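The structure appears below as structure tokens.
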Amino acid sequence: MGNNLLEKEKILDVKNLSKEFPGVKALTNFNFNLYKGEVHGLVGENGAGKSTFIKLLSGAFQPDSGEMIITGEKHTFFTPHTAIRLGIQAVYQEDILVPGITAAENIFLGTELVHSKKFVISYKSMINQANELLRQLGINIRVDEVYERLSPPDQQFVKILKALAQKPKVLILDEPTQAFNTNDIELVIQMVRRISKEGVGIIYIAHDLDEIIEVADRVTVLRDGILIKTHDKRLETFKPDDLAKEMIGRPVDLFYKKKESPVGDYVFEVCGLKLKGSSKAINFKVREREILGVAGLKGAGRSEIARAIFGAYRKYEGKVFYKGKDITPANPIQAVKSGIALLTESKKVDGLFMGLPVDQNITVVGLDNIGKFFLSLNKERKFCNEYIKKLGIKTPSLDKEIKFLSGGNQQKVVLAKWLFKGVNILIVDEPTHGIDVNAKTEVYELFTELAASGKSIIMISSEMQELISLSDRIIIIRNYGISKVLDKNEINEENILSGFMGGD
Amino acid sequence: MLNSKEIKQKENGPVFNVRKLGFLNNQTFYLILVIIAIGIIATVMNPNFLTLRNFLNVMQQISILGILTMCMSLLMISGGLDISIGNMAGLIAIIFARMLLAGISIWIGVIVALILGIIFGFINGIIIAKSKVTPLIITLGMSYVFLGVALIFAGGRPQTITGQFSFLGEAKIGGVVPVAIIIFLAVFAFAFLLRKYTKYGRRLNAIGGSTLAAYLSGINVDLHIVSIYALSGLIVGFTALILVSRLGMVRADSGSVFALQALAAAIIGGITFEGGKGSLIGAFFGVFLIGILYNAMNIIGITTYVQTIVLGAIIVIATVISNIGKMRRQ
């Protein structure tokens, strides 16, 4: 595979590409190239600039400066239409095909009239062409099946086939294996290899470093919009461990300095939790006044485990104890009664009532505090104002619909909702996702105070600084099980990252 | 770091302040203006319009629709809908009339009618809560089921019970205010208080706002959905009694017309399909607008055909107006 890469034809050469959004340098003087038949891995944390780069390549964004040379033609910008004409195709994770028509129809949707002069589309020839494509790539799916009935990996194949039907020179795959199991990932990797053998240059983005290392010929690391390094896997000097370090490496002064306070006794325990019959049993305990960090890559099962503990995700087996008492909740109703709170990652969808005013969002779980049957609206107002002051929520009024508040303030309202109810265990999933730096610091301060006041916090996070600076201990999740437990003195980037990868 | 001015700007940006008029939101305010305008036009054209007698007349005419609109509004606020309430009322009315005709005592009849209302509502609620199918389809189907059963009970003939049970429909308190109006106002007050001042109402509101967020907040979503449909059914049972009492004669399809009218009145009043939105005061004025519009058109002498067109147009206009805020935001 790709032995004579350097002699091969360069089909894409990106020079000094820059893109700035208000307040963020998304990409700065980025250099990148791609050879014919090469698989080029692209890695970086969320917000490193991968998506920006892809969107510039596919014409969705226009660069501020720099140039892109595609098969010898020099471009300083292009539209999505030009990108397709030049042979660039991108397959995004969130792409949605038409659910109710067959796989074959989806593959040729939009191209069917280009490749046939007839007005009537021959369904049979479409199926045949699709099967021919499949045969070349060595995969087996039913192209005459309705798209929505296909398994997630098969749907992913259909998306890739749809892109291939356009006969691209450059194929961009954005996390093509997210949430797949090992076998399916292997299938995708094999398919990618076959496509590259046909001479297509592939840009492959994935969170799982093991996977990237397996599939790619070269790997480029992006961080904060800057090219860190392009590794050539065939060189002796290539060390897989470098990738993780380069992805995360960050100056120390960006870390939040937490006020340390002593933790108490173990109060909360998760015992023998399995989400699937086949997964490893999860056991962990949390102390009073402790923040337990939960690390792991996306798709490792962190959120599902959190939901299972909260009774909102079907589990195979397992129990939850609080102060020695079995409180295993069958549903969120019981979880809330036992004093567990879940602050979800997608708060706009499932944590907040976007159309309701701030006050109703705060009091909805703890209505018992403002009346037995009839509510005292005065009391409600008083309590809400207290929380607004205590958590520093910025809102023009209590009557303002929550959707008008900023992300950070919305997160504080979610927190207020649970504190007003009065809970002992807070499970927070990506608590600072999508909120700005100042609001993040405020949220960290609140968590620190809450822990100090006697609560236990289980914090799921993808942000390394957040995990390192806030956690008293960290458990690392990989493939729906705990791959590693880190005590306070063992918490550092390398130890966390080693839990992400095959290791332990 | 953002300075305070920027923060302020950010937060005051895309604002559509629906509460600047205190308890009246914008749509209710427009509604009242429209009602006043219709009143002025009708009075100019026929001075008989602006009399207490005519006002009570309008109120009595809308009392059944008004009660059903309160049911519909509570359901819509909790993210639901029930377009079977019309035929449900028809079926209960037929069964009640058959019982009276069979010589069963009024009191037993009344109790059976109310229990049937709860059972029918409960059936709708349990199917909707458990199947998660959109309530529109379920209640559309149930509406036909109720109508069919009513036709069987009625044997396809109107059931006449003249004089046996006229209190709810015809009696007047102090010889002036019809009982039906009092019941309508009582149901309105009940719905208003339930929604605004009880935990139950707040939770319905939350479920309407986001079922998923309500579930993850530990609210017993299914229990609330089933119970609000059952409560609505109970009120429908009441309405059926008023219907029988007022007409003295019922047909299987006597209630049919009310379901969509109640939906229309709720929408005109600012209740939305989104759930968690709108006020019952708005819904009240929505019903009142329909009542006064028909009355004014009758007084002025506009034919029924044209009246139907006007009602349709009002629904469209009201929905568009209530959506203006959203259109601007996009």
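How things are named: the first chain in the structure tokens is A, the next is B, and so on; residues count from 1 in each chain; ligands count from 1 in the order shown.
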
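Residues of chain B having any atom within 7 Å of chain A, counting only C-alpha atoms, are Met1, Glu11, Tyr197, Thr198, Lys199, Arg203, Ala206, Gly209, Ser210, Leu212, Ala213, Tyr215, Leu216, Ser217, Gly218, Ile219, Asn220 and Gly276 of chain B.
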
Write the residues you've just listed into a file as an mmCIF file, in the first residue's frame, and include C-alpha atoms for each of them.
```cif
data_model
loop_
_atom_site.group_PDB
_atom_site.id
_atom_site.type_symbol
_atom_site.label_atom_id
_atom_site.label_comp_id
_atom_site.auth_asym_id
_atom_site.auth_seq_id
_atom_site.Cartn_x
_atom_site.Cartn_y
_atom_site.Cartn_z
ATOM 1 C CA MET B 1 -14.113 39.243 28.031
ATOM 2 C CA GLU B 11 -29.297 39.351 25.617
ATOM 3 C CA TYR B 197 -51.268 27.779 40.253
ATOM 4 C CA THR B 198 -50.862 24.029 40.610
ATOM 5 C CA LYS B 199 -47.894 21.716 40.415
ATOM 6 C CA ARG B 203 -45.793 19.889 34.921
ATOM 7 C CA ALA B 206 -43.265 21.432 31.030
ATOM 8 C CA GLY B 209 -42.546 22.407 26.305
ATOM 9 C CA SER B 210 -40.354 19.330 25.929
ATOM 10 C CA LEU B 212 -37.849 14.608 26.715
ATOM 11 C CA ALA B 213 -36.613 17.288 29.096
ATOM 12 C CA TYR B 215 -38.826 12.897 31.381
ATOM 13 C CA LEU B 216 -35.184 13.556 32.253
ATOM 14 C CA SER B 217 -36.309 15.973 34.956
ATOM 15 C CA GLY B 218 -38.032 13.097 36.704
ATOM 16 C CA ILE B 219 -41.584 14.059 35.788
ATOM 17 C CA ASN B 220 -43.960 11.121 35.398
ATOM 18 C CA GLY B 276 -46.338 24.949 26.836
#
```

- prompt: Hey, what's within 9 Å of Lys10 of chain A if we count only C-alpha atoms and toss same-chain stuff fewer than 5 positions away? As a PyMOL selection string, please?
  reply: chain A and resi 33-36+70-72

Keeping only C-alpha atoms, write the selected residues as a PDB file, in the first residue's frame.
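New file part36.pdb:
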```
ATOM      1  CA  ASN A  33      -1.030  17.923   0.783  1.00  0.00           C
ATOM      2  CA  LEU A  34      -2.521  14.739  -0.522  1.00  0.00           C
ATOM      3  CA  TYR A  35      -1.191  12.256  -3.050  1.00  0.00           C
ATOM      4  CA  LYS A  36      -3.118  10.149  -5.466  1.00  0.00           C
ATOM      5  CA  ILE A  70      -6.050  20.930  -7.035  1.00  0.00           C
ATOM      6  CA  THR A  71      -4.617  18.715  -9.780  1.00  0.00           C
ATOM      7  CA  GLY A  72      -2.431  21.592 -10.887  1.00  0.00           C
TER       8      GLY A  72
END
```

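From atom CA of Thr432 of chain A back to atom CA of Glu345 of chain A, the distance works out to 8.8 Å.
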
- prompt: Using only C-alpha atoms, which of A:Ala163, A:Ile482, A:Val158, A:Leu17 sits nearest Phe61 of chain A?
  reply: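 Closest candidate: A:Leu17.
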
Name the residues of segment 30-182 of chain B that fall into helix (DSSP H, G or I) according to DSSP on the backbone, using the chain letters and numbers of this document, as a compact mmCIF listing (two decimals) with C-alpha atoms, in the first residue's frame.
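Done, and the output landed in selection-v9.txt:
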```txt
# COMPACT_ATOMS: atom_id res chain seq x y z
CA TYR B 30 -55.19 42.00 19.41
CA LEU B 31 -58.13 39.71 20.00
CA ILE B 32 -59.75 42.19 22.36
CA LEU B 33 -59.20 44.96 19.82
CA VAL B 34 -60.85 42.87 17.10
CA ILE B 35 -63.76 42.02 19.41
CA ILE B 36 -64.25 45.72 20.19
CA ALA B 37 -64.10 46.58 16.50
CA ILE B 38 -66.71 43.96 15.64
CA GLY B 39 -68.83 45.27 18.51
CA ILE B 40 -68.68 48.84 17.22
CA ILE B 41 -69.52 47.87 13.65
CA ALA B 42 -72.40 45.64 14.72
CA THR B 43 -73.79 48.28 17.09
CA VAL B 44 -73.71 50.96 14.41
CA MET B 45 -75.57 48.69 12.02
CA PRO B 47 -78.29 49.02 18.05
CA ASN B 48 -79.84 45.81 19.46
CA PHE B 49 -76.39 44.32 19.44
CA LEU B 52 -77.34 42.76 28.06
CA ARG B 53 -79.85 40.40 26.56
CA ASN B 54 -77.80 39.93 23.42
CA PHE B 55 -74.59 39.57 25.42
CA LEU B 56 -76.10 36.78 27.53
CA ASN B 57 -77.43 35.26 24.34
CA VAL B 58 -73.93 35.14 22.86
CA MET B 59 -72.50 33.69 26.07
CA GLN B 60 -75.12 30.97 26.20
CA GLN B 61 -74.56 30.08 22.58
CA ILE B 62 -70.82 29.67 23.10
CA SER B 63 -71.03 27.88 26.45
CA ILE B 64 -70.71 24.33 25.07
CA LEU B 65 -68.00 25.32 22.60
CA GLY B 66 -66.29 27.30 25.36
CA ILE B 67 -66.13 24.35 27.74
CA LEU B 68 -64.73 22.11 25.03
CA THR B 69 -62.21 24.80 24.10
CA MET B 70 -60.90 24.72 27.67
CA CYS B 71 -60.44 20.95 27.34
CA MET B 72 -58.67 21.38 24.04
CA SER B 73 -56.46 24.16 25.41
CA LEU B 74 -55.32 22.16 28.43
CA LEU B 75 -54.50 19.25 26.13
CA MET B 76 -52.63 21.44 23.67
CA ILE B 77 -50.66 23.13 26.41
CA ILE B 85 -64.14 15.35 22.02
CA GLY B 86 -67.06 16.34 19.78
CA ASN B 87 -68.16 12.81 18.94
CA MET B 88 -67.27 11.71 22.46
CA ALA B 89 -69.82 14.24 23.74
CA GLY B 90 -72.30 13.01 21.12
CA LEU B 91 -71.90 9.38 22.19
CA ILE B 92 -72.27 10.18 25.88
CA ALA B 93 -75.32 12.32 25.11
CA ILE B 94 -76.93 9.47 23.15
CA ILE B 95 -76.26 6.94 25.93
CA PHE B 96 -77.63 9.37 28.53
CA ALA B 97 -80.76 10.00 26.46
CA ARG B 98 -81.31 6.26 25.94
CA MET B 99 -81.03 5.72 29.68
CA LEU B 100 -83.62 8.38 30.44
CA LEU B 101 -85.91 6.94 27.78
CA ILE B 106 -81.54 11.09 36.05
CA TRP B 107 -78.97 10.83 38.82
CA ILE B 108 -77.74 7.43 37.76
CA GLY B 109 -77.70 8.70 34.19
CA VAL B 110 -75.59 11.70 35.18
CA ILE B 111 -73.10 9.57 37.08
CA VAL B 112 -72.82 7.08 34.22
CA ALA B 113 -72.29 9.94 31.75
CA LEU B 114 -69.46 11.42 33.80
CA ILE B 115 -67.79 8.05 34.35
CA LEU B 116 -68.04 7.28 30.63
CA GLY B 117 -66.33 10.61 29.92
CA ILE B 118 -63.43 9.68 32.19
CA ILE B 119 -63.16 6.21 30.62
CA PHE B 120 -63.20 7.52 27.04
CA GLY B 121 -60.59 10.18 27.84
CA PHE B 122 -58.52 7.59 29.65
CA ILE B 123 -58.57 5.31 26.60
CA ASN B 124 -57.34 8.14 24.38
CA GLY B 125 -54.69 9.10 26.90
CA ILE B 126 -53.33 5.63 27.45
CA ILE B 127 -53.05 4.91 23.73
CA ILE B 128 -51.29 8.23 23.13
CA ALA B 129 -48.94 7.95 26.12
CA LYS B 130 -47.94 4.36 25.42
CA SER B 131 -47.79 4.35 21.64
CA PRO B 135 -52.49 12.50 19.09
CA LEU B 136 -54.05 13.92 15.94
CA ILE B 137 -54.19 10.51 14.28
CA ILE B 138 -55.23 8.56 17.36
CA THR B 139 -58.06 10.92 18.26
CA LEU B 140 -59.17 11.17 14.65
CA GLY B 141 -59.58 7.40 14.65
CA MET B 142 -61.28 7.40 18.04
CA SER B 143 -63.61 10.11 16.83
CA TYR B 144 -64.98 7.75 14.18
CA VAL B 145 -65.19 4.94 16.73
CA PHE B 146 -67.29 7.13 19.06
CA LEU B 147 -69.52 8.23 16.19
CA GLY B 148 -70.05 4.65 15.05
CA VAL B 149 -70.93 3.43 18.53
CA ALA B 150 -73.30 6.38 18.96
CA LEU B 151 -75.04 5.51 15.70
CA ILE B 152 -75.52 1.93 16.92
CA PHE B 153 -76.97 3.09 20.25
CA ALA B 154 -79.21 5.61 18.53
CA PHE B 167 -82.21 22.35 33.91
CA LEU B 168 -78.62 22.57 32.62
CA GLY B 169 -79.61 23.93 29.25
CA GLU B 170 -82.44 26.29 29.98
CA VAL B 179 -76.86 28.00 34.17
CA ALA B 180 -74.83 26.99 31.09
CA ILE B 181 -72.94 30.28 31.25
CA ILE B 182 -72.14 29.76 34.92
```

message: When you look at Phe284 of chain A with a cut-off of 10 Å (counting only C-alpha atoms), what residues show up, excluding the ones that are within fewer than 6 positions of it in the same chain? I need them as an MDAnalysis selection string.
response: chainID A and resid 268:273 292 320 475 482 485

statement: Counting only C-alpha atoms, the residue among A:Pro176, A:Gly454, A:Pro63, A:Gly277 that lies closest to Pro262 of chain A is A:Gly454

message: as a VMD selection string, please: every residue in segment 173-276 of chain A that DSSP puts in strand (DSSP E).
response: chain A and resid 173 to 174 201 to 205 218 to 223 226 to 232 266 to 274

Output C-alpha atoms of each residue in that selection to a file, as a JSON list (two decimals), in the first residue's frame.
```json
[["chain", "number", "residue", "atom", "x", "y", "z"],
["A", 173, "LEU", "CA", -14.45, 11.07, 5.37],
["A", 174, "ASP", "CA", -15.46, 12.85, 8.58],
["A", 201, "GLY", "CA", -6.90, 10.52, -2.36],
["A", 202, "ILE", "CA", -8.64, 10.19, 0.99],
["A", 203, "ILE", "CA", -8.67, 12.55, 3.95],
["A", 204, "TYR", "CA", -9.71, 10.48, 6.95],
["A", 205, "ILE", "CA", -10.85, 12.06, 10.20],
["A", 218, "ARG", "CA", 0.33, 9.82, 6.79],
["A", 219, "VAL", "CA", -1.23, 11.61, 9.77],
["A", 220, "THR", "CA", -1.49, 15.36, 10.25],
["A", 221, "VAL", "CA", -2.05, 16.80, 13.73],
["A", 222, "LEU", "CA", -3.96, 20.06, 14.07],
["A", 223, "ARG", "CA", -4.25, 22.03, 17.29],
["A", 226, "ILE", "CA", -2.26, 25.39, 13.64],
["A", 227, "LEU", "CA", -0.44, 22.56, 11.88],
["A", 228, "ILE", "CA", 1.59, 20.75, 14.54],
["A", 229, "LYS", "CA", 3.14, 18.05, 12.42],
["A", 230, "THR", "CA", 2.55, 15.72, 9.51],
["A", 231, "HIS", "CA", 3.81, 12.23, 10.32],
["A", 232, "ASP", "CA", 4.77, 9.69, 7.72],
["A", 266, "TYR", "CA", -17.65, 7.08, 50.06],
["A", 267, "VAL", "CA", -21.39, 7.66, 49.65],
["A", 268, "PHE", "CA", -22.33, 6.69, 46.13],
["A", 269, "GLU", "CA", -21.57, 3.40, 44.50],
["A", 270, "VAL", "CA", -22.18, 1.88, 41.09],
["A", 271, "CYS", "CA", -21.91, -1.87, 41.22],
["A", 272, "GLY", "CA", -21.58, -4.37, 38.36],
["A", 273, "LEU", "CA", -23.14, -2.08, 35.77],
["A", 274, "LYS", "CA", -23.26, -3.62, 32.30]]
```

- request: Would you work out the distance separating atom CA of Ser78 of chain B from atom CA of Phe285 of chain B, expressed in Å to one decimal?
  value: 20.0 Å

- prompt: Between atom CA of Asp144 of chain A and atom CA of Ile84 of chain A, what is the distance, to one decimal in Å?
  reply: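 Value for the atom CA of Asp144 of chain A-atom CA of Ile84 of chain A distance: 26.6 Å.
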
- prompt: Got a sec: who's within 10 Å of Gly270 of chain B, counting only C-alpha atoms, leaving out chain neighbours fewer than 2 positions off, as a ChimeraX atom specification?
  reply: /B:25-28,31,73,264-268,272-273,277-283,285-286,318-319,321-323

Keeping N, CA and C atoms for every residue in the selection just given, could you write it to a file as a CSV table (one decimal), in the first residue's frame?
```csv
chain,number,residue,atom,x,y,z
B,25,ASN,N,-51.1,38.6,26.9
B,25,ASN,CA,-50.0,38.6,25.9
B,25,ASN,C,-50.5,39.3,24.6
B,26,ASN,N,-49.6,39.5,23.7
B,26,ASN,CA,-49.9,40.2,22.5
B,26,ASN,C,-51.1,39.8,21.8
B,27,GLN,N,-51.2,38.5,21.6
B,27,GLN,CA,-52.3,38.0,20.8
B,27,GLN,C,-53.7,38.3,21.4
B,28,THR,N,-53.7,38.1,22.8
B,28,THR,CA,-54.9,38.4,23.5
B,28,THR,C,-55.3,39.8,23.3
B,31,LEU,N,-56.8,40.3,20.0
B,31,LEU,CA,-58.1,39.7,20.0
B,31,LEU,C,-59.2,40.7,20.6
B,73,SER,N,-57.6,23.3,25.0
B,73,SER,CA,-56.5,24.2,25.4
B,73,SER,C,-55.6,23.5,26.4
B,264,ALA,N,-60.1,25.5,16.6
B,264,ALA,CA,-60.0,26.8,16.0
B,264,ALA,C,-60.0,27.9,17.1
B,265,ALA,N,-60.9,27.8,18.0
B,265,ALA,CA,-61.0,28.8,19.1
B,265,ALA,C,-59.7,28.9,19.9
B,266,ALA,N,-59.1,27.7,20.2
B,266,ALA,CA,-57.9,27.7,21.0
B,266,ALA,C,-56.8,28.3,20.2
B,267,ILE,N,-56.7,28.0,18.9
B,267,ILE,CA,-55.6,28.6,18.1
B,267,ILE,C,-55.8,30.1,17.9
B,268,ILE,N,-57.1,30.5,17.7
B,268,ILE,CA,-57.3,32.0,17.6
B,268,ILE,C,-56.9,32.6,18.9
B,272,THR,N,-50.8,27.1,20.9
B,272,THR,CA,-50.2,26.6,19.8
B,272,THR,C,-50.0,25.1,19.8
B,273,PHE,N,-49.6,24.5,18.7
B,273,PHE,CA,-49.4,23.1,18.7
B,273,PHE,C,-48.0,22.7,19.4
B,277,LYS,N,-47.4,26.8,25.6
B,277,LYS,CA,-47.5,28.1,25.2
B,277,LYS,C,-49.0,28.6,25.3
B,278,GLY,N,-49.1,29.9,25.3
B,278,GLY,CA,-50.5,30.5,25.2
B,278,GLY,C,-51.1,30.5,26.5
B,279,SER,N,-52.2,31.3,26.6
B,279,SER,CA,-52.9,31.4,27.9
B,279,SER,C,-54.4,31.0,27.8
B,280,LEU,N,-55.0,30.6,28.9
B,280,LEU,CA,-56.4,30.2,28.8
B,280,LEU,C,-57.2,31.5,28.7
B,281,ILE,N,-56.7,32.6,29.1
B,281,ILE,CA,-57.5,33.8,28.9
B,281,ILE,C,-57.6,34.1,27.5
B,282,GLY,N,-56.5,33.9,26.7
B,282,GLY,CA,-56.5,34.0,25.3
B,282,GLY,C,-57.6,33.1,24.7
B,283,ALA,N,-57.5,31.8,25.1
B,283,ALA,CA,-58.5,30.8,24.6
B,283,ALA,C,-59.9,31.3,24.8
B,285,PHE,N,-61.0,34.3,25.1
B,285,PHE,CA,-61.4,35.4,24.1
B,285,PHE,C,-61.5,34.8,22.7
B,286,GLY,N,-60.8,33.8,22.4
B,286,GLY,CA,-60.9,33.1,21.1
B,286,GLY,C,-62.3,32.6,20.9
B,318,ALA,N,-55.4,34.6,12.3
B,318,ALA,CA,-55.0,34.5,13.7
B,318,ALA,C,-53.7,33.7,13.8
B,319,THR,N,-53.6,32.6,13.1
B,319,THR,CA,-52.4,31.8,13.1
B,319,THR,C,-51.2,32.5,12.6
B,321,ILE,N,-50.8,35.7,12.4
B,321,ILE,CA,-50.4,36.8,13.4
B,321,ILE,C,-49.6,36.2,14.5
B,322,SER,N,-50.0,35.0,15.0
B,322,SER,CA,-49.3,34.5,16.2
B,322,SER,C,-47.9,34.0,15.8
B,323,ASN,N,-47.7,33.9,14.5
B,323,ASN,CA,-46.4,33.3,14.0
B,323,ASN,C,-45.5,34.5,13.6
```
